[in-house]
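S.K.: File structure-v1.tsv follows (TSV, C-alpha atoms):
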chain	number	residue	atom	x	y	z
A	1	MET	CA	-53.36	-24.76	-26.92
A	2	MET	CA	-52.39	-22.39	-24.11
A	3	ALA	CA	-48.71	-23.39	-24.41
A	4	SER	CA	-48.82	-22.86	-28.16
A	5	LYS	CA	-50.34	-19.39	-27.78
A	6	MET	CA	-47.79	-18.44	-25.15
A	7	PHE	CA	-44.92	-19.57	-27.39
A	8	VAL	CA	-46.24	-17.69	-30.41
A	9	ARG	CA	-46.51	-14.49	-28.38
A	10	GLY	CA	-42.77	-14.76	-27.82
A	11	PHE	CA	-42.05	-13.95	-31.46
A	12	ALA	CA	-41.69	-10.45	-32.85
A	13	SER	CA	-45.09	-9.05	-33.74
A	14	SER	CA	-43.61	-6.70	-36.35
A	15	ALA	CA	-43.09	-9.41	-38.96
A	16	SER	CA	-44.84	-8.26	-42.13
A	17	ARG	CA	-43.90	-11.14	-44.41
A	18	SER	CA	-44.47	-14.85	-44.46
A	19	TYR	CA	-41.75	-17.29	-45.44
A	20	LYS	CA	-41.19	-20.74	-46.84
A	21	VAL	CA	-38.68	-22.53	-44.65
A	22	ALA	CA	-37.17	-25.87	-45.66
A	23	VAL	CA	-35.49	-28.20	-43.17
A	24	LEU	CA	-33.17	-30.74	-44.82
A	25	GLY	CA	-32.60	-33.69	-42.54
A	26	ALA	CA	-35.96	-33.12	-40.87
A	27	ALA	CA	-36.44	-36.67	-39.58
A	28	GLY	CA	-33.21	-36.77	-37.61
A	29	GLY	CA	-32.33	-36.07	-34.01
A	30	ILE	CA	-31.82	-32.37	-34.66
A	31	GLY	CA	-34.27	-32.07	-37.54
A	32	GLN	CA	-37.42	-33.16	-35.69
A	33	PRO	CA	-37.23	-30.77	-32.72
A	34	LEU	CA	-35.94	-28.02	-35.01
A	35	SER	CA	-38.92	-28.51	-37.32
A	36	LEU	CA	-41.25	-28.36	-34.32
A	37	LEU	CA	-39.75	-25.05	-33.22
A	38	MET	CA	-40.02	-23.59	-36.72
A	39	LYS	CA	-43.67	-24.68	-36.93
A	40	LEU	CA	-44.33	-22.46	-33.90
A	41	ASN	CA	-43.07	-19.31	-35.64
A	42	PRO	CA	-46.09	-17.44	-37.06
A	43	ALA	CA	-43.89	-15.87	-39.75
A	44	VAL	CA	-43.50	-19.31	-41.34
A	45	ASP	CA	-46.41	-20.03	-43.67
A	46	HIS	CA	-44.89	-23.03	-45.45
A	47	LEU	CA	-42.67	-25.58	-43.71
A	48	SER	CA	-41.04	-28.04	-46.09
A	49	LEU	CA	-39.46	-31.11	-44.49
A	50	TYR	CA	-37.00	-33.31	-46.36
A	51	ASP	CA	-35.16	-36.48	-45.44
A	52	LEU	CA	-34.45	-39.91	-46.87
A	53	VAL	CA	-36.94	-41.59	-44.53
A	54	ASN	CA	-39.90	-40.87	-42.23
A	55	THR	CA	-40.63	-37.28	-43.27
A	56	PRO	CA	-44.29	-37.87	-44.22
A	57	GLY	CA	-44.92	-39.02	-40.64
A	58	VAL	CA	-43.06	-36.10	-39.11
A	59	ALA	CA	-44.98	-33.70	-41.36
A	60	ALA	CA	-48.33	-35.27	-40.50
A	61	ASP	CA	-47.56	-35.03	-36.80
A	62	LEU	CA	-46.49	-31.37	-36.97
A	63	SER	CA	-49.40	-30.44	-39.23
A	64	HIS	CA	-51.81	-30.92	-36.31
A	65	ILE	CA	-50.26	-28.03	-34.36
A	66	ASN	CA	-52.50	-24.95	-34.48
A	67	THR	CA	-50.12	-22.47	-36.08
A	68	PRO	CA	-50.38	-21.04	-39.62
A	69	ALA	CA	-47.59	-22.95	-41.35
A	70	LYS	CA	-48.61	-25.49	-43.96
A	71	VAL	CA	-46.39	-28.55	-43.51
A	72	GLN	CA	-45.23	-30.83	-46.33
A	73	GLY	CA	-43.05	-33.90	-46.02
A	74	PHE	CA	-40.71	-34.99	-48.82
A	75	LYS	CA	-39.09	-38.43	-48.67
A	76	GLY	CA	-36.23	-39.68	-50.82
A	77	ALA	CA	-33.64	-38.13	-53.09
A	78	GLU	CA	-36.08	-37.82	-55.97
A	79	SER	CA	-38.15	-35.31	-53.98
A	80	LEU	CA	-35.28	-33.03	-52.93
A	81	ASP	CA	-35.73	-30.47	-55.70
A	82	ALA	CA	-39.42	-30.07	-54.90
A	83	ALA	CA	-38.68	-29.73	-51.19
A	84	VAL	CA	-36.40	-26.72	-51.61
A	85	LYS	CA	-38.15	-25.09	-54.57
A	86	ASP	CA	-38.45	-21.32	-53.99
A	87	ALA	CA	-37.62	-21.56	-50.28
A	88	ASP	CA	-36.73	-18.31	-48.52
A	89	VAL	CA	-34.70	-20.02	-45.81
A	90	VAL	CA	-33.13	-23.48	-45.92
A	91	ILE	CA	-31.85	-25.02	-42.69
A	92	ILE	CA	-29.46	-27.95	-43.11
A	93	PRO	CA	-29.00	-30.27	-40.10
A	94	ALA	CA	-28.63	-33.36	-42.36
A	95	GLY	CA	-25.81	-35.80	-41.81
A	96	VAL	CA	-24.54	-38.42	-39.42
A	97	PRO	CA	-24.13	-37.53	-35.74
A	98	ARG	CA	-20.93	-37.76	-33.77
A	99	LYS	CA	-20.25	-40.89	-31.74
A	100	PRO	CA	-17.91	-41.38	-28.77
A	101	GLY	CA	-14.30	-40.81	-29.79
A	102	MET	CA	-15.34	-39.20	-33.05
A	103	THR	CA	-14.17	-35.70	-33.89
A	104	ARG	CA	-16.01	-33.35	-36.22
A	105	ASP	CA	-13.26	-34.00	-38.73
A	106	ASP	CA	-14.10	-37.72	-38.67
A	107	LEU	CA	-17.54	-36.80	-39.96
A	108	PHE	CA	-16.16	-35.07	-43.00
A	109	ASN	CA	-16.19	-37.77	-45.66
A	110	VAL	CA	-19.82	-38.72	-45.06
A	111	ASN	CA	-21.29	-35.31	-44.39
A	112	ALA	CA	-19.36	-33.51	-47.13
A	113	ASN	CA	-21.12	-35.55	-49.81
A	114	ILE	CA	-24.50	-35.01	-48.18
A	115	VAL	CA	-24.04	-31.25	-47.93
A	116	LYS	CA	-22.76	-31.03	-51.51
A	117	THR	CA	-25.89	-32.77	-52.82
A	118	LEU	CA	-28.20	-30.52	-50.79
A	119	ALA	CA	-26.32	-27.36	-51.82
A	120	GLU	CA	-26.60	-28.30	-55.49
A	121	ALA	CA	-30.38	-28.71	-55.16
A	122	CYS	CA	-30.64	-25.31	-53.47
A	123	ALA	CA	-28.52	-23.67	-56.18
A	124	ARG	CA	-30.83	-25.08	-58.86
A	125	ASN	CA	-34.18	-24.51	-57.17
A	126	ALA	CA	-33.75	-21.76	-54.57
A	127	PRO	CA	-30.77	-19.66	-55.69
A	128	LYS	CA	-31.76	-16.70	-53.51
A	129	ALA	CA	-32.47	-18.69	-50.36
A	130	HIS	CA	-30.67	-17.97	-47.12
A	131	LEU	CA	-28.78	-21.16	-46.24
A	132	LEU	CA	-28.21	-22.04	-42.59
A	133	VAL	CA	-25.66	-24.83	-42.29
A	134	ILE	CA	-25.71	-26.96	-39.14
A	135	SER	CA	-24.17	-30.14	-40.61
A	136	ASN	CA	-20.75	-30.79	-39.14
A	137	PRO	CA	-17.93	-30.08	-39.54
A	138	VAL	CA	-19.31	-26.55	-40.07
A	139	ASN	CA	-15.82	-25.10	-40.57
A	140	SER	CA	-15.63	-27.19	-43.76
A	141	THR	CA	-19.25	-27.65	-44.84
A	142	VAL	CA	-19.91	-23.90	-45.17
A	143	PRO	CA	-17.01	-23.52	-47.66
A	144	ILE	CA	-18.37	-26.56	-49.50
A	145	VAL	CA	-21.73	-24.82	-49.93
A	146	ALA	CA	-19.96	-21.62	-51.06
A	147	GLU	CA	-17.95	-23.49	-53.70
A	148	VAL	CA	-21.08	-25.23	-55.01
A	149	GLN	CA	-22.86	-21.89	-55.25
A	150	LYS	CA	-19.90	-20.33	-57.06
A	151	HIS	CA	-19.96	-23.18	-59.56
A	152	HIS	CA	-23.63	-22.42	-60.24
A	153	GLY	CA	-23.03	-18.65	-60.34
A	154	VAL	CA	-25.34	-17.92	-57.39
A	155	PHE	CA	-22.95	-17.32	-54.47
A	156	ASP	CA	-24.07	-14.38	-52.32
A	157	PRO	CA	-22.04	-14.17	-49.10
A	158	ARG	CA	-24.89	-12.30	-47.41
A	159	ARG	CA	-27.07	-15.41	-47.62
A	160	LEU	CA	-24.79	-18.15	-46.31
A	161	PHE	CA	-24.43	-18.85	-42.58
A	162	GLY	CA	-22.69	-21.43	-40.47
A	163	VAL	CA	-24.85	-21.82	-37.38
A	164	THR	CA	-22.49	-21.46	-34.41
A	165	THR	CA	-25.25	-20.39	-32.04
A	166	LEU	CA	-24.90	-23.48	-29.84
A	167	ASP	CA	-21.45	-22.27	-28.79
A	168	VAL	CA	-23.05	-18.98	-27.74
A	169	VAL	CA	-25.90	-20.74	-25.93
A	170	ARG	CA	-23.46	-22.95	-24.05
A	171	ALA	CA	-21.26	-19.99	-23.16
A	172	SER	CA	-24.23	-18.09	-21.72
A	173	THR	CA	-25.30	-21.13	-19.72
A	174	PHE	CA	-21.86	-22.03	-18.36
A	175	VAL	CA	-20.97	-18.44	-17.43
A	176	SER	CA	-24.31	-17.91	-15.68
A	177	GLU	CA	-23.83	-21.13	-13.70
A	178	ILE	CA	-20.66	-19.88	-12.04
A	179	ARG	CA	-21.59	-16.19	-11.78
A	180	GLY	CA	-25.27	-16.50	-10.85
A	181	THR	CA	-26.39	-14.31	-13.72
A	182	ASP	CA	-29.52	-14.72	-15.83
A	183	PRO	CA	-28.59	-17.03	-18.75
A	184	ASN	CA	-31.20	-15.32	-20.92
A	185	THR	CA	-29.38	-12.01	-20.72
A	186	THR	CA	-25.78	-13.19	-20.28
A	187	ARG	CA	-24.11	-12.44	-23.60
A	188	VAL	CA	-20.79	-13.98	-24.61
A	189	HIS	CA	-19.13	-13.05	-27.90
A	190	VAL	CA	-17.89	-16.35	-29.34
A	191	ILE	CA	-15.68	-16.02	-32.41
A	192	GLY	CA	-13.78	-18.22	-34.84
A	193	GLY	CA	-15.25	-21.52	-35.92
A	194	HIS	CA	-17.40	-24.36	-34.60
A	195	SER	CA	-15.07	-27.08	-33.37
A	196	GLY	CA	-12.56	-27.48	-30.59
A	197	VAL	CA	-9.82	-24.87	-30.46
A	198	THR	CA	-11.45	-22.82	-33.25
A	199	ILE	CA	-14.22	-21.88	-30.78
A	200	MET	CA	-13.02	-18.76	-28.97
A	201	PRO	CA	-15.22	-17.30	-26.22
A	202	LEU	CA	-14.19	-13.72	-25.46
A	203	LEU	CA	-14.93	-13.76	-21.76
A	204	SER	CA	-13.08	-10.47	-21.32
A	205	GLN	CA	-15.91	-8.74	-23.20
A	206	THR	CA	-18.66	-9.90	-20.83
A	207	GLY	CA	-17.96	-7.23	-18.19
A	208	LEU	CA	-17.63	-10.00	-15.59
A	209	SER	CA	-14.52	-10.91	-13.64
A	210	PHE	CA	-12.95	-14.36	-13.76
A	211	SER	CA	-9.83	-15.86	-12.26
A	212	PRO	CA	-7.25	-17.31	-14.67
A	213	GLU	CA	-8.33	-20.80	-13.58
A	214	GLU	CA	-12.00	-20.01	-14.25
A	215	ILE	CA	-11.15	-18.61	-17.67
A	216	GLU	CA	-9.24	-21.73	-18.62
A	217	LYS	CA	-11.94	-24.11	-17.39
A	218	LEU	CA	-14.79	-22.13	-18.96
A	219	THR	CA	-13.00	-21.81	-22.28
A	220	HIS	CA	-12.29	-25.54	-22.44
A	221	ARG	CA	-15.87	-26.42	-21.49
A	222	ILE	CA	-17.31	-24.10	-24.14
A	223	GLN	CA	-14.91	-25.46	-26.76
A	224	PHE	CA	-15.63	-29.11	-25.97
A	225	GLY	CA	-19.16	-28.92	-24.55
A	226	GLY	CA	-20.40	-31.27	-27.24
A	227	ASP	CA	-18.21	-34.02	-25.83
A	228	GLU	CA	-20.13	-33.84	-22.54
A	229	VAL	CA	-23.35	-34.69	-24.35
A	230	VAL	CA	-21.82	-37.43	-26.51
A	231	LYS	CA	-20.40	-39.09	-23.39
A	232	ALA	CA	-23.61	-38.66	-21.37
A	233	LYS	CA	-25.68	-40.24	-24.15
A	234	ASP	CA	-23.39	-43.26	-23.96
A	235	GLY	CA	-22.96	-43.75	-27.67
A	236	THR	CA	-26.57	-43.17	-28.66
A	237	GLY	CA	-26.16	-39.67	-30.10
A	238	SER	CA	-24.79	-36.18	-29.82
A	239	ALA	CA	-26.18	-32.75	-28.93
A	240	THR	CA	-29.53	-32.74	-30.72
A	241	LEU	CA	-32.07	-30.92	-28.54
A	242	SER	CA	-29.77	-28.03	-27.61
A	243	MET	CA	-28.60	-27.78	-31.22
A	244	ALA	CA	-32.20	-27.69	-32.42
A	245	GLN	CA	-32.99	-24.85	-29.99
A	246	ALA	CA	-29.87	-22.95	-31.05
A	247	GLY	CA	-30.62	-23.47	-34.74
A	248	ALA	CA	-34.20	-22.30	-34.30
A	249	ARG	CA	-33.03	-19.27	-32.33
A	250	PHE	CA	-30.77	-18.21	-35.18
A	251	ALA	CA	-33.38	-18.95	-37.85
A	252	ASN	CA	-36.05	-16.99	-35.98
A	253	GLN	CA	-33.69	-14.05	-35.51
A	254	LEU	CA	-32.94	-14.11	-39.24
A	255	LEU	CA	-36.64	-14.18	-40.13
A	256	ASP	CA	-37.21	-11.15	-37.91
A	257	ALA	CA	-34.34	-9.32	-39.61
A	258	LEU	CA	-35.59	-10.24	-43.09
A	259	SER	CA	-38.92	-8.70	-42.08
A	260	GLY	CA	-37.22	-5.43	-41.20
A	261	LYS	CA	-36.55	-5.65	-37.47
A	262	LYS	CA	-33.41	-3.67	-36.62
A	263	GLY	CA	-30.57	-4.26	-34.20
A	264	ILE	CA	-30.46	-8.06	-34.35
A	265	ILE	CA	-26.91	-9.23	-33.68
A	266	GLU	CA	-25.83	-12.87	-33.50
A	267	PRO	CA	-22.41	-14.50	-33.86
A	268	THR	CA	-22.34	-16.62	-37.01
A	269	TYR	CA	-19.72	-18.21	-39.28
A	270	VAL	CA	-19.77	-16.27	-42.55
A	271	TYR	CA	-17.59	-15.17	-45.46
A	272	SER	CA	-15.73	-12.34	-43.79
A	273	ASP	CA	-12.76	-9.99	-43.97
A	274	VAL	CA	-12.19	-10.14	-40.21
A	275	ALA	CA	-9.39	-12.73	-40.37
A	276	LYS	CA	-8.57	-12.46	-44.07
A	277	ALA	CA	-5.15	-10.94	-43.30
A	278	ASP	CA	-4.32	-14.27	-41.65
A	279	GLY	CA	-5.54	-16.27	-44.65
A	280	VAL	CA	-8.97	-17.15	-43.25
A	281	ASP	CA	-12.00	-16.34	-45.43
A	282	PHE	CA	-14.74	-17.72	-43.15
A	283	PHE	CA	-14.92	-16.56	-39.56
A	284	ALA	CA	-17.54	-16.14	-36.84
A	285	THR	CA	-17.98	-12.80	-35.10
A	286	ASN	CA	-21.01	-10.77	-34.12
A	287	VAL	CA	-23.05	-10.10	-37.25
A	288	GLU	CA	-25.91	-7.64	-37.54
A	289	LEU	CA	-28.64	-9.30	-39.58
A	290	GLY	CA	-30.66	-7.31	-42.11
A	291	THR	CA	-33.23	-7.60	-44.87
A	292	GLU	CA	-30.68	-9.23	-47.20
A	293	GLY	CA	-29.16	-11.53	-44.60
A	294	VAL	CA	-25.73	-10.39	-43.44
A	295	GLY	CA	-25.98	-6.67	-42.76
A	296	LYS	CA	-22.83	-5.66	-40.91
A	297	ILE	CA	-19.96	-7.87	-39.82
A	298	HIS	CA	-18.57	-6.61	-36.54
A	299	PRO	CA	-14.86	-6.76	-35.69
A	300	ILE	CA	-13.45	-9.04	-33.02
A	301	GLY	CA	-13.06	-6.19	-30.56
A	302	PRO	CA	-10.71	-6.05	-27.58
A	303	GLN	CA	-8.98	-9.27	-26.55
A	304	SER	CA	-7.07	-10.26	-23.47
A	305	ASP	CA	-3.59	-11.77	-23.81
A	306	TYR	CA	-5.11	-15.18	-23.16
A	307	GLU	CA	-7.66	-14.67	-25.97
A	308	LYS	CA	-4.95	-13.53	-28.36
A	309	LYS	CA	-3.24	-16.86	-27.78
A	310	LEU	CA	-6.53	-18.64	-28.49
A	311	TYR	CA	-6.68	-16.79	-31.80
A	312	GLU	CA	-3.12	-17.80	-32.71
A	313	ALA	CA	-3.94	-21.43	-31.98
A	314	ALA	CA	-7.20	-21.36	-33.93
A	315	ILE	CA	-6.02	-19.81	-37.19
A	316	PRO	CA	-4.01	-22.78	-38.56
A	317	GLU	CA	-6.86	-25.15	-37.73
A	318	LEU	CA	-9.45	-22.91	-39.38
A	319	LYS	CA	-7.31	-22.50	-42.50
A	320	ALA	CA	-6.94	-26.26	-42.83
A	321	ASN	CA	-10.67	-26.88	-42.25
A	322	ILE	CA	-11.68	-24.32	-44.87
A	323	GLN	CA	-9.19	-25.63	-47.41
A	324	LYS	CA	-10.45	-29.16	-46.82
A	325	GLY	CA	-13.92	-28.09	-47.93
A	326	ILE	CA	-12.62	-26.20	-50.95
A	327	ASP	CA	-10.43	-29.13	-52.01
A	328	PHE	CA	-13.34	-31.54	-51.67
A	329	ILE	CA	-15.35	-29.66	-54.29
A	330	ALA	CA	-12.30	-29.16	-56.53
A	331	LYS	CA	-11.74	-32.93	-56.63
A	332	SER	CA	-15.38	-33.95	-56.98
Can the structure from this file be put into structure tokens for me?
M.R.:
Amino acid sequence: MMASKMFVRGFASSASRSYKVAVLGAAGGIGQPLSLLMKLNPAVDHLSLYDLVNTPGVAADLSHINTPAKVQGFKGAESLDAAVKDADVVIIPAGVPRKPGMTRDDLFNVNANIVKTLAEACARNAPKAHLLVISNPVNSTVPIVAEVQKHHGVFDPRRLFGVTTLDVVRASTFVSEIRGTDPNTTRVHVIGGHSGVTIMPLLSQTGLSFSPEEIEKLTHRIQFGGDEVVKAKDGTGSATLSMAQAGARFANQLLDALSGKKGIIEPTYVYSDVAKADGVDFFATNVELGTEGVGKIHPIGPQSDYEKKLYEAAIPELKANIQKGIDFIAKS
């Protein structure tokens, strides 16, 4: 009980609303710890958990935690509509995890169909919900959700987010490890997308000094940090616990912003004009969150010559990833 009270006190006390939050894929490796973290947010009064299996058990387990949220578990495709009905925020970690040797692009064929089905249910039953997409490959699954919403006439770019927070969390951790800074306060602006070379940490904006060798090593580790976890888990999974924490961090920040808290800025992959001149409609930069979701999209800001080269390398990949998602819906 003491730990629960301490955790709850960590949330903003200014929240004046309560929210229904749905987690789709709630029985999985990301979904279970993510659902636990959302249960601890006092602004959540209804936590709806959906998956194809095991969700009643997960819901029963979480329902014993002494926080206000009512928890419901929905199992099977026939219960999907009820799970998302009138949700304020829908978090989507559903899908298959990466395995050794598997790229995010390898996940596309399986996860694209899953995300399409979930997006259609949200469009029908929660057209004004804020959708937080974790399912990989995020560079493609976010455009898939956008195209589904357009088809249903409910697309609102302020309410659709690709959760790239894990890249930011990793960047803060890795930078603090070599510079001895506090990882809680070490901020790294990570732009672009959420896979490989599309992840661009702007280390030049941190105010810290790095050698060219440190910049190269840090950048590569931030871009491919997920591979460390996949390898360390020896084929049994991918980054689940850190992704759950990162997803909950973004969701909690969004809930605070929806309740009126000002000055909340998080990098996130959204429909944006930032890279539109280069043919890219979805791009992650710092975004100020507001009562309607996306408040203000910040520009990239100053870049070093090295970071400009990262941008040049990322744009073709991002364009192809986005088009892959758009084409998937066009052909389905």
S.K.: Mind giving me the straight-line distance from CA of Pro316 in chain A to CA of Arg187 in chain A in Å, one decimal?
M.R.: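 Going from CA of Pro316 in chain A over to CA of Arg187 in chain A, I get 27.1 Å.
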S.K.: Determine, using only C-alpha atoms, which residues of range 137-179 of chain A have any atom at most 10 Å from an atom of range 72-91 of chain A, and tabulate each with its shortest atom pair and distance in Å to one decimal place, rows ordered by chain and then rising number, as JSON lines.
M.R.:
{"residue": "A:Arg159", "atom": "CA", "partner": "A:Val89", "partner_atom": "CA", "distance": 9.1}
{"residue": "A:Leu160", "atom": "CA", "partner": "A:Val90", "partner_atom": "CA", "distance": 9.9}
{"residue": "A:Phe161", "atom": "CA", "partner": "A:Ile91", "partner_atom": "CA", "distance": 9.7}
{"residue": "A:Val163", "atom": "CA", "partner": "A:Ile91", "partner_atom": "CA", "distance": 9.4}
S.K.: Ranking A:Ala244, A:Glu317, A:Phe283, A:Ser332 by minimum distance to Gly31 in chain A and counting all atoms listed in the file, which one comes first?
M.R.: A:Ala244
S.K.: Counting all atoms listed in the file, which of A:Gln32, A:Asn136, A:Thr165, A:Asn125 gets nearest to Asn321 in chain A?
M.R.: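 Counting all atoms listed in the file, the residue closest to Asn321 in chain A is A:Asn136.
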S.K.: As an exercise, work out the distance from CA of Pro201 in chain A to CA of Gln253 in chain A in Å and give it to one decimal place.
M.R.: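 Atom-to-atom, CA of Pro201 in chain A to CA of Gln253 in chain A, that is 20.9 Å.
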S.K.: Skip Ala257 in chain A itself and residues of its chain fewer than 6 positions away, then list as JSON, numbers by chain all residues within 12 Å of it, counting only C-alpha atoms.
M.R.: {"A": [12, 14, 15, 16, 17, 43, 250, 251, 263, 264, 265, 266, 287, 288, 289, 290, 291, 292, 293, 294, 295]}
S.K.: Near His189 in chain A, counting only C-alpha atoms, which residues have an atom at most 9 Å away, once you skip same-chain residues fewer than 2 positions from it, shown as a list in words?
M.R.: Val168, Ala171, Arg187, Ile191, Met200, Pro201, Leu202, Leu203, Gln205, Thr206, Glu266, Pro267, Thr285, Asn286 and Ile300 of chain A
S.K.: Please produce a file of the residues just selected, as a short mmCIF file (atom, residue, chain, number, x, y, z; two decimals), in the frame of the given file, where the atoms kept are C-alpha atoms.
M.R.:
data_model
loop_
_atom_site.label_atom_id
_atom_site.label_comp_id
_atom_site.auth_asym_id
_atom_site.auth_seq_id
_atom_site.Cartn_x
_atom_site.Cartn_y
_atom_site.Cartn_z
CA VAL A 168 -23.05 -18.98 -27.74
CA ALA A 171 -21.26 -19.99 -23.16
CA ARG A 187 -24.11 -12.44 -23.60
CA ILE A 191 -15.68 -16.02 -32.41
CA MET A 200 -13.02 -18.76 -28.97
CA PRO A 201 -15.22 -17.30 -26.22
CA LEU A 202 -14.19 -13.72 -25.46
CA LEU A 203 -14.93 -13.76 -21.76
CA GLN A 205 -15.91 -8.74 -23.20
CA THR A 206 -18.66 -9.90 -20.83
CA GLU A 266 -25.83 -12.87 -33.50
CA PRO A 267 -22.41 -14.50 -33.86
CA THR A 285 -17.98 -12.80 -35.10
CA ASN A 286 -21.01 -10.77 -34.12
CA ILE A 300 -13.45 -9.04 -33.02
#
S.K.: List every protein, DNA or RNA residue that has an atom no more than 12 Å from (-23.0, -37.2, -49.4) in the file's coordinate frame, counting all atoms listed in the file, and report them as an MDAnalysis selection string.
M.R.: chainID A and resid 77 94:96 107:120 135 141 144 328:329 332
S.K.: Ranking A:Val138, A:Ser35, A:His130, A:Tyr269 by minimum distance to Asp156 in chain A and counting all atoms listed in the file, which one comes first?
M.R.: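 Once distances to Asp156 in chain A are computed over all atoms listed in the file, the minimum belongs to A:His130.
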S.K.: What does the distance from CA of Leu37 in chain A to CA of Asp167 in chain A come to in Å, to one decimal?
M.R.: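 Interatomic distance, CA of Leu37 in chain A to CA of Asp167 in chain A: 19.0 Å.
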S.K.: With all atoms listed in the file as the atoms that count, which of A:Ala27, A:Glu177, A:Lys308, A:His152 lies nearest to Glu214 in chain A?
M.R.: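 Answer, going by the shortest atom-to-atom distance: A:Glu177.
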S.K.: Show me, as a PyMOL selection string, the residues that have an atom within 12 Å of Phe174 in chain A when counting all atoms listed in the file, minus same-chain residues fewer than 6 positions from it.
M.R.: chain A and resi 166-168+180-184+186-188+201+203+214-215+217-223+225
S.K.: Which is closer to Thr164 in chain A than all the others in A:Cys122, A:Ala275, A:Ala284, A:Ala60, using all atoms listed in the file?
M.R.: A:Ala284
S.K.: Starting from the point (-34.4, -33.6, -32.5), work out which residues of protein, DNA or RNA have an atom no more than 10 Å away when counting all atoms listed in the file; state them as an MDAnalysis selection string.
M.R.: chainID A and resid 26:36 93 239:245
